$ cat target.cif   # mmCIF, C-alpha atoms
data_structure
#
loop_
_atom_site.label_atom_id
_atom_site.label_comp_id
_atom_site.auth_asym_id
_atom_site.auth_seq_id
_atom_site.Cartn_x
_atom_site.Cartn_y
_atom_site.Cartn_z
CA MET A 14 5.51 27.38 -7.71
CA ALA A 15 7.71 27.26 -4.60
CA TYR A 16 7.98 23.73 -3.23
CA GLU A 17 8.91 23.05 0.39
CA LEU A 18 8.58 20.42 3.12
CA THR A 19 6.03 21.77 5.58
CA GLY A 20 3.96 20.43 8.47
CA ILE A 21 6.45 17.62 9.13
CA THR A 22 6.09 16.30 12.69
CA ASP A 23 8.73 13.55 12.73
CA TRP A 24 11.89 12.68 10.82
CA ILE A 25 13.17 9.12 10.48
CA ASN A 26 16.76 8.34 9.42
CA SER A 27 17.60 12.05 9.32
CA LYS A 28 17.63 15.40 11.03
CA PRO A 29 15.02 17.87 9.69
CA LEU A 30 15.62 18.84 6.06
CA THR A 31 14.42 21.61 3.77
CA LEU A 32 14.48 21.78 -0.01
CA GLN A 33 16.16 25.18 0.24
CA GLY A 34 18.91 23.67 2.36
CA LEU A 35 19.36 20.76 -0.06
CA LYS A 36 20.21 22.95 -3.06
CA GLY A 37 23.43 21.74 -4.65
CA ASN A 38 22.12 18.17 -4.60
CA VAL A 39 19.83 16.28 -6.95
CA VAL A 40 16.75 15.74 -4.82
CA MET A 41 13.79 13.39 -5.18
CA VAL A 42 10.70 13.82 -3.00
CA ASP A 43 8.61 10.67 -2.99
CA PHE A 44 5.06 10.69 -1.57
CA TRP A 45 4.08 7.32 -0.16
CA THR A 46 2.05 5.62 2.55
CA TYR A 47 3.05 2.33 4.08
CA SER A 48 -0.11 0.28 3.40
CA CYS A 49 -0.29 1.24 -0.31
CA VAL A 50 0.62 -1.76 -2.47
CA ASN A 51 1.79 0.45 -5.35
CA CYS A 52 4.11 2.30 -2.97
CA ILE A 53 5.43 -0.97 -1.56
CA ARG A 54 6.28 -2.21 -5.06
CA THR A 55 8.37 0.90 -5.77
CA LEU A 56 10.44 0.63 -2.57
CA PRO A 57 13.09 -1.81 -3.89
CA HIS A 58 13.82 0.57 -6.75
CA LEU A 59 13.95 3.64 -4.52
CA ILE A 60 16.25 1.89 -2.05
CA SER A 61 18.53 0.84 -4.92
CA LEU A 62 18.52 4.33 -6.43
CA TYR A 63 19.39 5.93 -3.10
CA SER A 64 22.10 3.39 -2.27
CA ASN A 65 23.75 3.73 -5.69
CA TYR A 66 23.86 7.54 -5.89
CA LYS A 67 23.76 8.98 -2.34
CA SER A 68 27.56 9.35 -2.34
CA ARG A 69 27.40 11.30 -5.62
CA GLY A 70 25.05 14.06 -4.43
CA PHE A 71 21.63 12.41 -4.69
CA VAL A 72 19.14 12.91 -1.83
CA LEU A 73 15.88 11.01 -1.57
CA VAL A 74 13.20 12.14 0.88
CA GLY A 75 10.20 9.91 1.43
CA VAL A 76 7.22 12.00 2.53
CA HIS A 77 4.78 9.74 4.35
CA SER A 78 1.31 11.18 3.74
CA PRO A 79 -1.37 8.90 5.25
CA GLU A 80 -4.43 7.48 3.55
CA PHE A 81 -5.92 6.04 6.75
CA GLU A 82 -5.98 7.35 10.31
CA PHE A 83 -3.68 4.62 11.68
CA GLU A 84 -1.00 5.68 9.20
CA LYS A 85 -0.62 9.00 11.01
CA GLU A 86 0.99 7.28 14.00
CA ALA A 87 4.75 7.86 14.10
CA LYS A 88 5.37 4.47 15.75
CA ASN A 89 3.58 2.66 12.91
CA ILE A 90 5.60 4.54 10.29
CA LYS A 91 8.88 3.82 12.12
CA LYS A 92 8.03 0.13 12.22
CA ALA A 93 7.21 0.12 8.51
CA VAL A 94 10.48 1.91 7.66
CA LYS A 95 12.38 -0.72 9.64
CA ASP A 96 10.41 -3.65 8.19
CA PHE A 97 10.91 -2.46 4.61
CA GLY A 98 14.60 -1.70 5.20
CA ILE A 99 14.30 1.93 4.08
CA PRO A 100 17.66 3.72 4.59
CA TYR A 101 16.81 7.20 3.28
CA PRO A 102 15.18 10.10 5.17
CA VAL A 103 11.44 9.75 5.79
CA ALA A 104 9.28 12.73 6.81
CA ASN A 105 5.96 12.23 8.59
CA ASP A 106 3.31 14.48 7.00
CA PRO A 107 0.27 13.47 9.12
CA GLU A 108 -1.96 16.40 8.21
CA MET A 109 -1.00 16.25 4.51
CA GLN A 110 0.49 19.76 4.57
CA THR A 111 3.46 18.94 2.32
CA TRP A 112 1.09 16.91 0.13
CA ALA A 113 -1.05 20.05 -0.24
CA ALA A 114 1.97 22.32 -0.77
CA PHE A 115 2.99 20.16 -3.75
CA ASN A 116 -0.64 19.91 -4.92
CA ASN A 117 -0.05 16.17 -5.02
CA ARG A 118 -2.92 13.78 -5.69
CA TYR A 119 -1.44 10.29 -5.94
CA TRP A 120 0.46 7.54 -4.09
CA PRO A 121 3.20 7.01 -5.04
CA GLY A 122 4.21 10.31 -6.58
CA HIS A 123 7.78 11.52 -7.04
CA TYR A 124 9.15 14.97 -7.77
CA LEU A 125 12.73 15.27 -9.02
CA PHE A 126 14.69 18.52 -8.59
CA ASP A 127 18.02 19.49 -10.14
CA LYS A 128 20.94 21.01 -8.22
CA GLU A 129 19.49 24.50 -8.57
CA GLY A 130 16.23 23.39 -6.99
CA ARG A 131 14.23 23.38 -10.24
CA LEU A 132 11.57 20.73 -10.73
CA VAL A 133 12.57 18.61 -13.74
CA GLU A 134 10.30 15.57 -13.52
CA THR A 135 7.12 14.32 -11.88
CA HIS A 136 5.94 10.72 -12.07
CA PHE A 137 2.93 9.04 -10.50
CA GLY A 138 2.43 5.33 -9.89
CA GLU A 139 4.78 2.47 -10.63
CA GLY A 140 7.18 2.09 -13.53
CA LYS A 141 9.65 4.27 -15.49
CA TYR A 142 12.44 2.95 -13.26
CA ALA A 143 15.12 2.88 -15.98
CA GLU A 144 14.16 6.30 -17.33
CA THR A 145 14.21 7.85 -13.86
CA GLU A 146 17.58 6.33 -13.03
CA ASN A 147 19.12 7.70 -16.22
CA LEU A 148 17.61 11.14 -15.56
CA VAL A 149 19.19 11.11 -12.08
CA ARG A 150 22.52 10.15 -13.66
CA ARG A 151 22.29 13.02 -16.17
CA LEU A 152 21.52 15.53 -13.42
CA LEU A 153 24.53 14.23 -11.48
CA GLY A 154 26.77 14.62 -14.54
CA LEU A 155 27.11 10.87 -15.12
CA ASN A 156 26.79 8.97 -18.38
CA GLU A 157 23.50 7.22 -18.98
CA LEU A 158 23.38 3.47 -18.63
CA PRO A 159 22.68 1.48 -21.80
CA ALA A 160 19.32 -0.25 -21.85
CA ALA A 161 20.86 -3.64 -21.11
CA GLY A 162 22.72 -2.30 -18.08
CA THR A 163 19.93 -0.32 -16.49
CA SER A 164 18.53 -1.62 -13.22
CA SER A 165 15.85 -4.14 -14.18
CA PHE A 166 12.67 -5.13 -12.41
CA LEU A 167 10.51 -8.10 -13.31
CA LYS A 168 7.45 -7.10 -15.31
CA ARG A 169 4.44 -9.37 -15.33
CA ILE A 170 2.33 -8.81 -18.42
CA PHE A 171 -1.24 -10.07 -18.57
CA SER A 172 -4.30 -9.52 -20.70
CA GLY A 173 -7.63 -8.37 -19.36
CA SER A 174 -8.44 -6.01 -16.53
CA VAL A 175 -7.62 -6.19 -12.85
CA THR A 176 -10.17 -5.52 -10.12
CA PRO A 177 -9.50 -1.96 -8.91
CA GLU A 178 -8.61 -1.09 -5.33
CA THR A 179 -11.73 -1.83 -3.28
CA TYR A 180 -12.38 0.12 -0.09
CA CYS A 181 -14.37 -1.48 2.72
CA GLY A 182 -15.63 1.60 4.59
CA SER A 183 -18.89 3.40 3.88
CA ASP A 184 -17.18 6.51 2.42
CA ARG A 185 -15.74 4.84 -0.67
CA GLY A 186 -16.72 1.18 -0.49
CA PRO A 187 -19.11 -0.72 -2.76
CA GLU A 188 -22.50 -2.10 -1.83
CA ILE A 189 -22.78 -4.92 0.71
CA GLY A 190 -24.43 -7.87 -1.00
CA SER A 191 -25.57 -9.69 2.15
CA ALA A 192 -28.92 -9.23 3.86
CA ALA A 193 -28.63 -7.61 7.29
CA VAL A 194 -30.48 -6.87 10.50
CA CYS A 195 -28.98 -3.82 12.26
CA LEU A 196 -28.40 -3.84 16.02
CA PRO A 197 -28.49 -1.11 18.72
CA ASP A 198 -24.67 -0.99 18.96
CA ALA A 199 -24.46 0.31 15.34
CA SER A 200 -23.35 -3.07 14.04
CA CYS A 201 -25.41 -5.30 11.77
CA LYS A 202 -25.89 -9.05 11.67
CA TYR A 203 -25.30 -10.15 8.10
CA ILE A 204 -26.30 -13.39 6.40
CA ASP A 205 -24.26 -14.43 3.37
CA GLN A 206 -26.09 -16.62 0.86
CA ASP A 207 -22.78 -17.65 -0.78
CA GLN A 208 -23.91 -16.38 -4.19
CA HIS A 209 -21.28 -13.78 -4.98
CA LYS A 210 -21.02 -11.30 -7.84
CA PRO A 211 -17.96 -9.19 -8.73
CA GLY A 212 -17.95 -5.62 -7.48
CA MET A 213 -19.71 -6.24 -4.17
CA LEU A 214 -18.63 -7.12 -0.64
CA TYR A 215 -20.33 -10.00 1.15
CA LEU A 216 -20.44 -10.39 4.94
CA ASP A 217 -21.59 -12.96 7.43
CA GLY A 218 -21.83 -12.37 11.18
CA ASN A 219 -21.74 -9.12 13.13
CA TRP A 220 -19.99 -6.20 11.40
CA ALA A 221 -20.01 -2.43 11.78
CA ARG A 222 -19.36 -0.27 8.73
CA GLU A 223 -17.43 2.87 9.62
CA PRO A 224 -16.39 5.56 7.11
CA GLU A 225 -12.87 4.10 6.64
CA PHE A 226 -13.31 0.42 7.47
CA LEU A 227 -15.45 -2.62 8.22
CA GLU A 228 -15.07 -3.88 11.78
CA HIS A 229 -15.84 -7.43 12.82
CA ARG A 230 -17.73 -7.50 16.12
CA GLY A 231 -18.52 -11.02 17.08
CA LYS A 232 -17.12 -14.45 17.77
CA GLU A 233 -16.84 -15.51 14.15
CA GLY A 234 -17.81 -14.14 10.77
CA TRP A 235 -16.52 -13.74 7.26
CA LEU A 236 -15.83 -11.28 4.48
CA SER A 237 -15.96 -12.33 0.82
CA LEU A 238 -15.08 -10.68 -2.47
CA VAL A 239 -14.94 -11.90 -6.07
CA PHE A 240 -11.86 -10.45 -7.78
CA THR A 241 -9.88 -10.74 -11.00
CA ALA A 242 -6.12 -10.49 -10.52
CA SER A 243 -2.94 -12.45 -9.93
CA GLU A 244 -2.44 -10.96 -6.47
CA ALA A 245 -4.77 -9.99 -3.62
CA ASN A 246 -3.93 -8.03 -0.48
CA LEU A 247 -5.96 -6.45 2.31
CA VAL A 248 -5.13 -3.53 4.59
CA MET A 249 -6.19 -4.53 8.12
CA ALA A 250 -5.84 -3.47 11.74
CA GLY A 251 -6.86 -4.82 15.13
CA LYS A 252 -6.19 -8.25 16.60
CA GLY A 253 -7.51 -11.53 15.34
CA THR A 254 -7.08 -14.66 13.26
CA ILE A 255 -8.25 -15.17 9.70
CA ILE A 256 -8.67 -18.41 7.78
CA ALA A 257 -8.49 -17.71 4.05
CA THR A 258 -10.00 -19.76 1.24
CA ILE A 259 -10.02 -19.35 -2.52
CA ASP A 260 -13.02 -20.73 -4.37
CA GLY A 261 -14.00 -22.70 -1.27
CA LYS A 262 -10.59 -24.32 -0.72
CA ALA A 263 -7.57 -23.57 1.44
CA LEU A 264 -4.79 -21.73 -0.36
CA SER A 265 -1.91 -23.88 -1.54
CA GLU A 266 1.63 -23.00 -0.49
CA THR A 267 2.45 -21.77 -3.99
CA GLU A 268 -0.48 -19.34 -4.13
CA SER A 269 -0.24 -18.07 -0.56
CA GLY A 270 0.93 -14.53 0.07
CA GLU A 271 3.80 -13.74 2.40
CA ASP A 272 1.54 -13.26 5.44
CA VAL A 273 -0.17 -16.64 5.18
CA SER A 274 0.92 -19.59 7.32
CA PHE A 275 -0.50 -23.09 7.60
CA LYS A 276 -2.12 -24.82 10.55
CA ASP A 277 -4.09 -28.06 10.40
CA LYS A 278 -4.13 -27.80 6.60
CA LYS A 279 -5.72 -24.37 6.80
CA SER A 280 -4.28 -21.13 5.38
CA VAL A 281 -4.14 -18.69 8.26
CA LEU A 282 -3.32 -14.99 8.76
CA ALA A 283 -2.56 -13.49 12.16
CA VAL A 284 -3.62 -9.84 12.28
CA ASP A 285 -1.49 -8.07 14.87
CA SER A 286 -0.65 -4.59 13.53
CA PRO A 287 -2.16 -2.02 11.14
CA ARG A 288 -0.68 -2.69 7.70
CA MET A 289 -1.22 -4.38 4.35
CA TYR A 290 -1.40 -8.18 4.48
CA ARG A 291 -0.41 -10.23 1.44
CA ILE A 292 -2.95 -13.02 0.99
CA PHE A 293 -2.90 -14.50 -2.52
CA LYS A 294 -0.51 -14.66 -5.47
CA SER A 295 -0.47 -16.50 -8.77
CA MET A 296 1.29 -16.48 -12.11
CA LYS A 297 -2.10 -16.17 -13.82
CA ARG A 298 -4.65 -13.41 -13.78
CA GLU A 299 -7.94 -15.16 -13.10
CA THR A 300 -11.25 -14.61 -11.32
CA HIS A 301 -11.56 -16.04 -7.81
CA ASP A 302 -13.89 -15.88 -4.83
CA LEU A 303 -11.85 -14.97 -1.75
CA LYS A 304 -13.38 -15.69 1.67
CA LEU A 305 -11.78 -14.52 4.90
CA MET A 306 -13.21 -16.19 8.01
CA VAL A 307 -12.52 -13.86 10.94
CA SER A 308 -12.14 -14.50 14.66
CA GLY A 309 -11.43 -11.48 16.85
CA ASN A 310 -11.68 -7.74 16.51
CA VAL A 311 -10.38 -6.98 13.01
CA GLN A 312 -10.86 -3.90 10.85
CA ALA A 313 -10.72 -4.25 7.06
CA PHE A 314 -9.79 -1.05 5.18
CA ALA A 315 -9.05 -1.78 1.52
CA PHE A 316 -8.36 -4.64 -0.87
CA THR A 317 -5.59 -4.09 -3.41
CA PHE A 318 -4.82 -6.23 -6.43
CA GLY A 319 -2.07 -6.86 -8.94
#

$ encode --input "target.cif" --output "structure tokens"
Amino acid sequence: MAYELTGITDWINSKPLTLQGLKGNVVMVDFWTYSCVNCIRTLPHLISLYSNYKSRGFVLVGVHSPEFEFEKEAKNIKKAVKDFGIPYPVANDPEMQTWAAFNNRYWPGHYLFDKEGRLVETHFGEGKYAETENLVRRLLGLNELPAAGTSSFLKRIFSGSVTPETYCGSDRGPEIGSAAVCLPDASCKYIDQDQHKPGMLYLDGNWAREPEFLEHRGKEGWLSLVFTASEANLVMAGKGTIIATIDGKALSETESGEDVSFKDKKSVLAVDSPRMYRIFKSMKRETHDLKLMVSGNVQAFAFTFG
């Protein structure tokens, strides 16, 4: 199979590149999208790998292949690259043409090529950081690092299962557990009885369910989900303010995600750009009822957990 970068509309941190033109280097192509929590967790390792070996003939190309429509926008990708501190070349693949050329199916997914341009490794998802680093070193003609000296990343180990990624739109999302009366503008007025079961979304107020997202259309309303995890995030867009509670109480400072601030003893998120918002974190994997009380025009795309 002949691999190549195709359908790229924008390059960030680099002039246009081709795999053919990069022969003679060890090359990694990493498929990612900026609101994917699994991709975000791999970025510190990728940045470290690139920084450590770029002067030795290692090239890393991040191919940004979008999951949601807003991730096709070059300005949003450029902002994400800047916010995450990504120094390596990033290619915008808005129509998923390079994704298709590689027959890729997952975020994140990396493809490692030797100096002759031969594919020597594929890996999907998080993990295998030490093994990948040592493979890069071997391909560069360097000695492998001993286990104790290999770049280390904290691993949190828990028992039990984590709630899977939960989409909010009608295409892939679960059932809405709240009763609703639908309105002429294609939105529905939902009534939440506050009796929540895992695996369902619960709404209160006026919401419209589009294929990719739920959109709040009213003065105030809320979105609730029972989850089991030690971390909860939500991909959102639009403009608005959210007050978050866990099990009916405001989040404490220790369990608040990076995007939560505090005002009048309330845990608050300001939605101002399309991205993933970190809401909750804990050292324990437990079951919680998360409620997000929304003011403004906010779209909810997908919950992710850890």

$ atom_distance --input "target.cif" --atom1 "atom CA of A:Glu266" --atom2 "atom CA of A:Val281"
11.3 Å

$ resolve_selection --input "target.cif" --expression "the PyMOL selection byres ((chain A and resi 195) around 12)" --output "number ranges by chain"
A: 192-194, 196-204, 218-222

$ resolve_selection --input "target.cif" --expression "the PyMOL selection byres ((chain A and resi 45-53) around 7)" --output "PyMOL selection string"
chain A and resi 43-44+54-56+75-80+93+120-121+138-139+248+288-289+317

$ resolve_selection --input "target.cif" --expression "the PyMOL selection byres ((chain A and resi 273-279) around 12)" --output "count of residues only"
32

$ atom_distance --input "target.cif" --atom1 "atom CA of A:Asn116" --atom2 "atom CA of A:Val133"
15.9 Å

$ closest_residue --input "target.cif" --among "A:Ile189, A:Ala313, A:Leu35, A:Val40" --to "A:Arg150" --atoms "all atoms listed in the file"
A:Val40

$ residues_around --input "target.cif" --residues "stretch 97-99 of chain A" --least-positions-apart "2" --cutoff "9 Å" --atoms "only C-alpha atoms" --output "PyMOL selection string"
chain A and resi 26+53+56-57+59-60+92-95+101-103

$ residues_near_point --input "target.cif" --point "(1.0, 19.7, 7.2)" --cutoff "10 Å" --atoms "only C-alpha atoms" --output "compact mmCIF listing (two decimals) with C-alpha atoms, in the frame of the given file"
# COMPACT_ATOMS: atom_id res chain seq x y z
CA LEU A 18 8.58 20.42 3.12
CA THR A 19 6.03 21.77 5.58
CA GLY A 20 3.96 20.43 8.47
CA ILE A 21 6.45 17.62 9.13
CA THR A 22 6.09 16.30 12.69
CA SER A 78 1.31 11.18 3.74
CA ASN A 105 5.96 12.23 8.59
CA ASP A 106 3.31 14.48 7.00
CA PRO A 107 0.27 13.47 9.12
CA GLU A 108 -1.96 16.40 8.21
CA MET A 109 -1.00 16.25 4.51
CA GLN A 110 0.49 19.76 4.57
CA THR A 111 3.46 18.94 2.32
CA TRP A 112 1.09 16.91 0.13
CA ALA A 113 -1.05 20.05 -0.24
CA ALA A 114 1.97 22.32 -0.77

$ atom_distance --input "target.cif" --atom1 "atom CA of A:Gly251" --atom2 "atom CA of A:Glu228"
8.9 Å

$ closest_residue --input "target.cif" --among "A:Val311, A:Ala104, A:Lys252, A:Val149" --to "A:Ser27" --atoms "only C-alpha atoms"
A:Ala104

$ residues_around --input "target.cif" --residues "stretch 211-215 of chain A" --least-positions-apart "2" --cutoff "6 Å" --atoms "only C-alpha atoms" --output "ChimeraX atom specification"
/A:187-191,236-239

$ write_last_selection --input "target.cif" --atoms "C-alpha atoms" --output "mmCIF file, in the frame of the given file"
data_model
loop_
_atom_site.group_PDB
_atom_site.id
_atom_site.type_symbol
_atom_site.label_atom_id
_atom_site.label_comp_id
_atom_site.auth_asym_id
_atom_site.auth_seq_id
_atom_site.Cartn_x
_atom_site.Cartn_y
_atom_site.Cartn_z
ATOM 1 C CA PRO A 187 -19.110 -0.720 -2.760
ATOM 2 C CA GLU A 188 -22.500 -2.100 -1.830
ATOM 3 C CA ILE A 189 -22.780 -4.920 0.710
ATOM 4 C CA GLY A 190 -24.430 -7.870 -1.000
ATOM 5 C CA SER A 191 -25.570 -9.690 2.150
ATOM 6 C CA LEU A 236 -15.830 -11.280 4.480
ATOM 7 C CA SER A 237 -15.960 -12.330 0.820
ATOM 8 C CA LEU A 238 -15.080 -10.680 -2.470
ATOM 9 C CA VAL A 239 -14.940 -11.900 -6.070
#

$ build_atoms --input "target.cif" --residues "stretch 67-79 of chain A" --atoms "N, CA and C atoms" --output "PDB file, in the coordinates of the input"
ATOM      1  N   LYS A  67      23.703   8.058  -3.484  1.00  0.00           N
ATOM      2  CA  LYS A  67      23.760   8.980  -2.340  1.00  0.00           C
ATOM      3  C   LYS A  67      25.153   9.580  -2.165  1.00  0.00           C
ATOM      4  N   SER A  68      26.198   8.831  -2.513  1.00  0.00           N
ATOM      5  CA  SER A  68      27.560   9.350  -2.340  1.00  0.00           C
ATOM      6  C   SER A  68      27.960  10.304  -3.464  1.00  0.00           C
ATOM      7  N   ARG A  69      27.096  10.447  -4.465  1.00  0.00           N
ATOM      8  CA  ARG A  69      27.400  11.300  -5.620  1.00  0.00           C
ATOM      9  C   ARG A  69      26.575  12.596  -5.606  1.00  0.00           C
ATOM     10  N   GLY A  70      25.824  12.825  -4.523  1.00  0.00           N
ATOM     11  CA  GLY A  70      25.050  14.060  -4.430  1.00  0.00           C
ATOM     12  C   GLY A  70      23.566  13.895  -4.685  1.00  0.00           C
ATOM     13  N   PHE A  71      23.060  12.672  -4.521  1.00  0.00           N
ATOM     14  CA  PHE A  71      21.630  12.410  -4.690  1.00  0.00           C
ATOM     15  C   PHE A  71      20.988  12.263  -3.325  1.00  0.00           C
ATOM     16  N   VAL A  72      19.894  12.980  -3.087  1.00  0.00           N
ATOM     17  CA  VAL A  72      19.140  12.910  -1.830  1.00  0.00           C
ATOM     18  C   VAL A  72      17.719  12.486  -2.139  1.00  0.00           C
ATOM     19  N   LEU A  73      17.246  11.481  -1.433  1.00  0.00           N
ATOM     20  CA  LEU A  73      15.880  11.010  -1.570  1.00  0.00           C
ATOM     21  C   LEU A  73      15.149  11.224  -0.256  1.00  0.00           C
ATOM     22  N   VAL A  74      14.015  11.898  -0.310  1.00  0.00           N
ATOM     23  CA  VAL A  74      13.200  12.140   0.880  1.00  0.00           C
ATOM     24  C   VAL A  74      11.845  11.483   0.662  1.00  0.00           C
ATOM     25  N   GLY A  75      11.521  10.510   1.482  1.00  0.00           N
ATOM     26  CA  GLY A  75      10.200   9.910   1.430  1.00  0.00           C
ATOM     27  C   GLY A  75       9.252  10.685   2.325  1.00  0.00           C
ATOM     28  N   VAL A  76       8.211  11.264   1.747  1.00  0.00           N
ATOM     29  CA  VAL A  76       7.220  12.000   2.530  1.00  0.00           C
ATOM     30  C   VAL A  76       6.030  11.074   2.766  1.00  0.00           C
ATOM     31  N   HIS A  77       5.859  10.663   4.022  1.00  0.00           N
ATOM     32  CA  HIS A  77       4.780   9.740   4.350  1.00  0.00           C
ATOM     33  C   HIS A  77       3.509  10.520   4.618  1.00  0.00           C
ATOM     34  N   SER A  78       2.590  10.480   3.643  1.00  0.00           N
ATOM     35  CA  SER A  78       1.310  11.180   3.740  1.00  0.00           C
ATOM     36  C   SER A  78       0.209  10.129   3.834  1.00  0.00           C
ATOM     37  N   PRO A  79      -0.516  10.050   4.963  1.00  0.00           N
ATOM     38  CA  PRO A  79      -1.370   8.900   5.250  1.00  0.00           C
ATOM     39  C   PRO A  79      -2.673   8.875   4.460  1.00  0.00           C
TER      40      PRO A  79
END
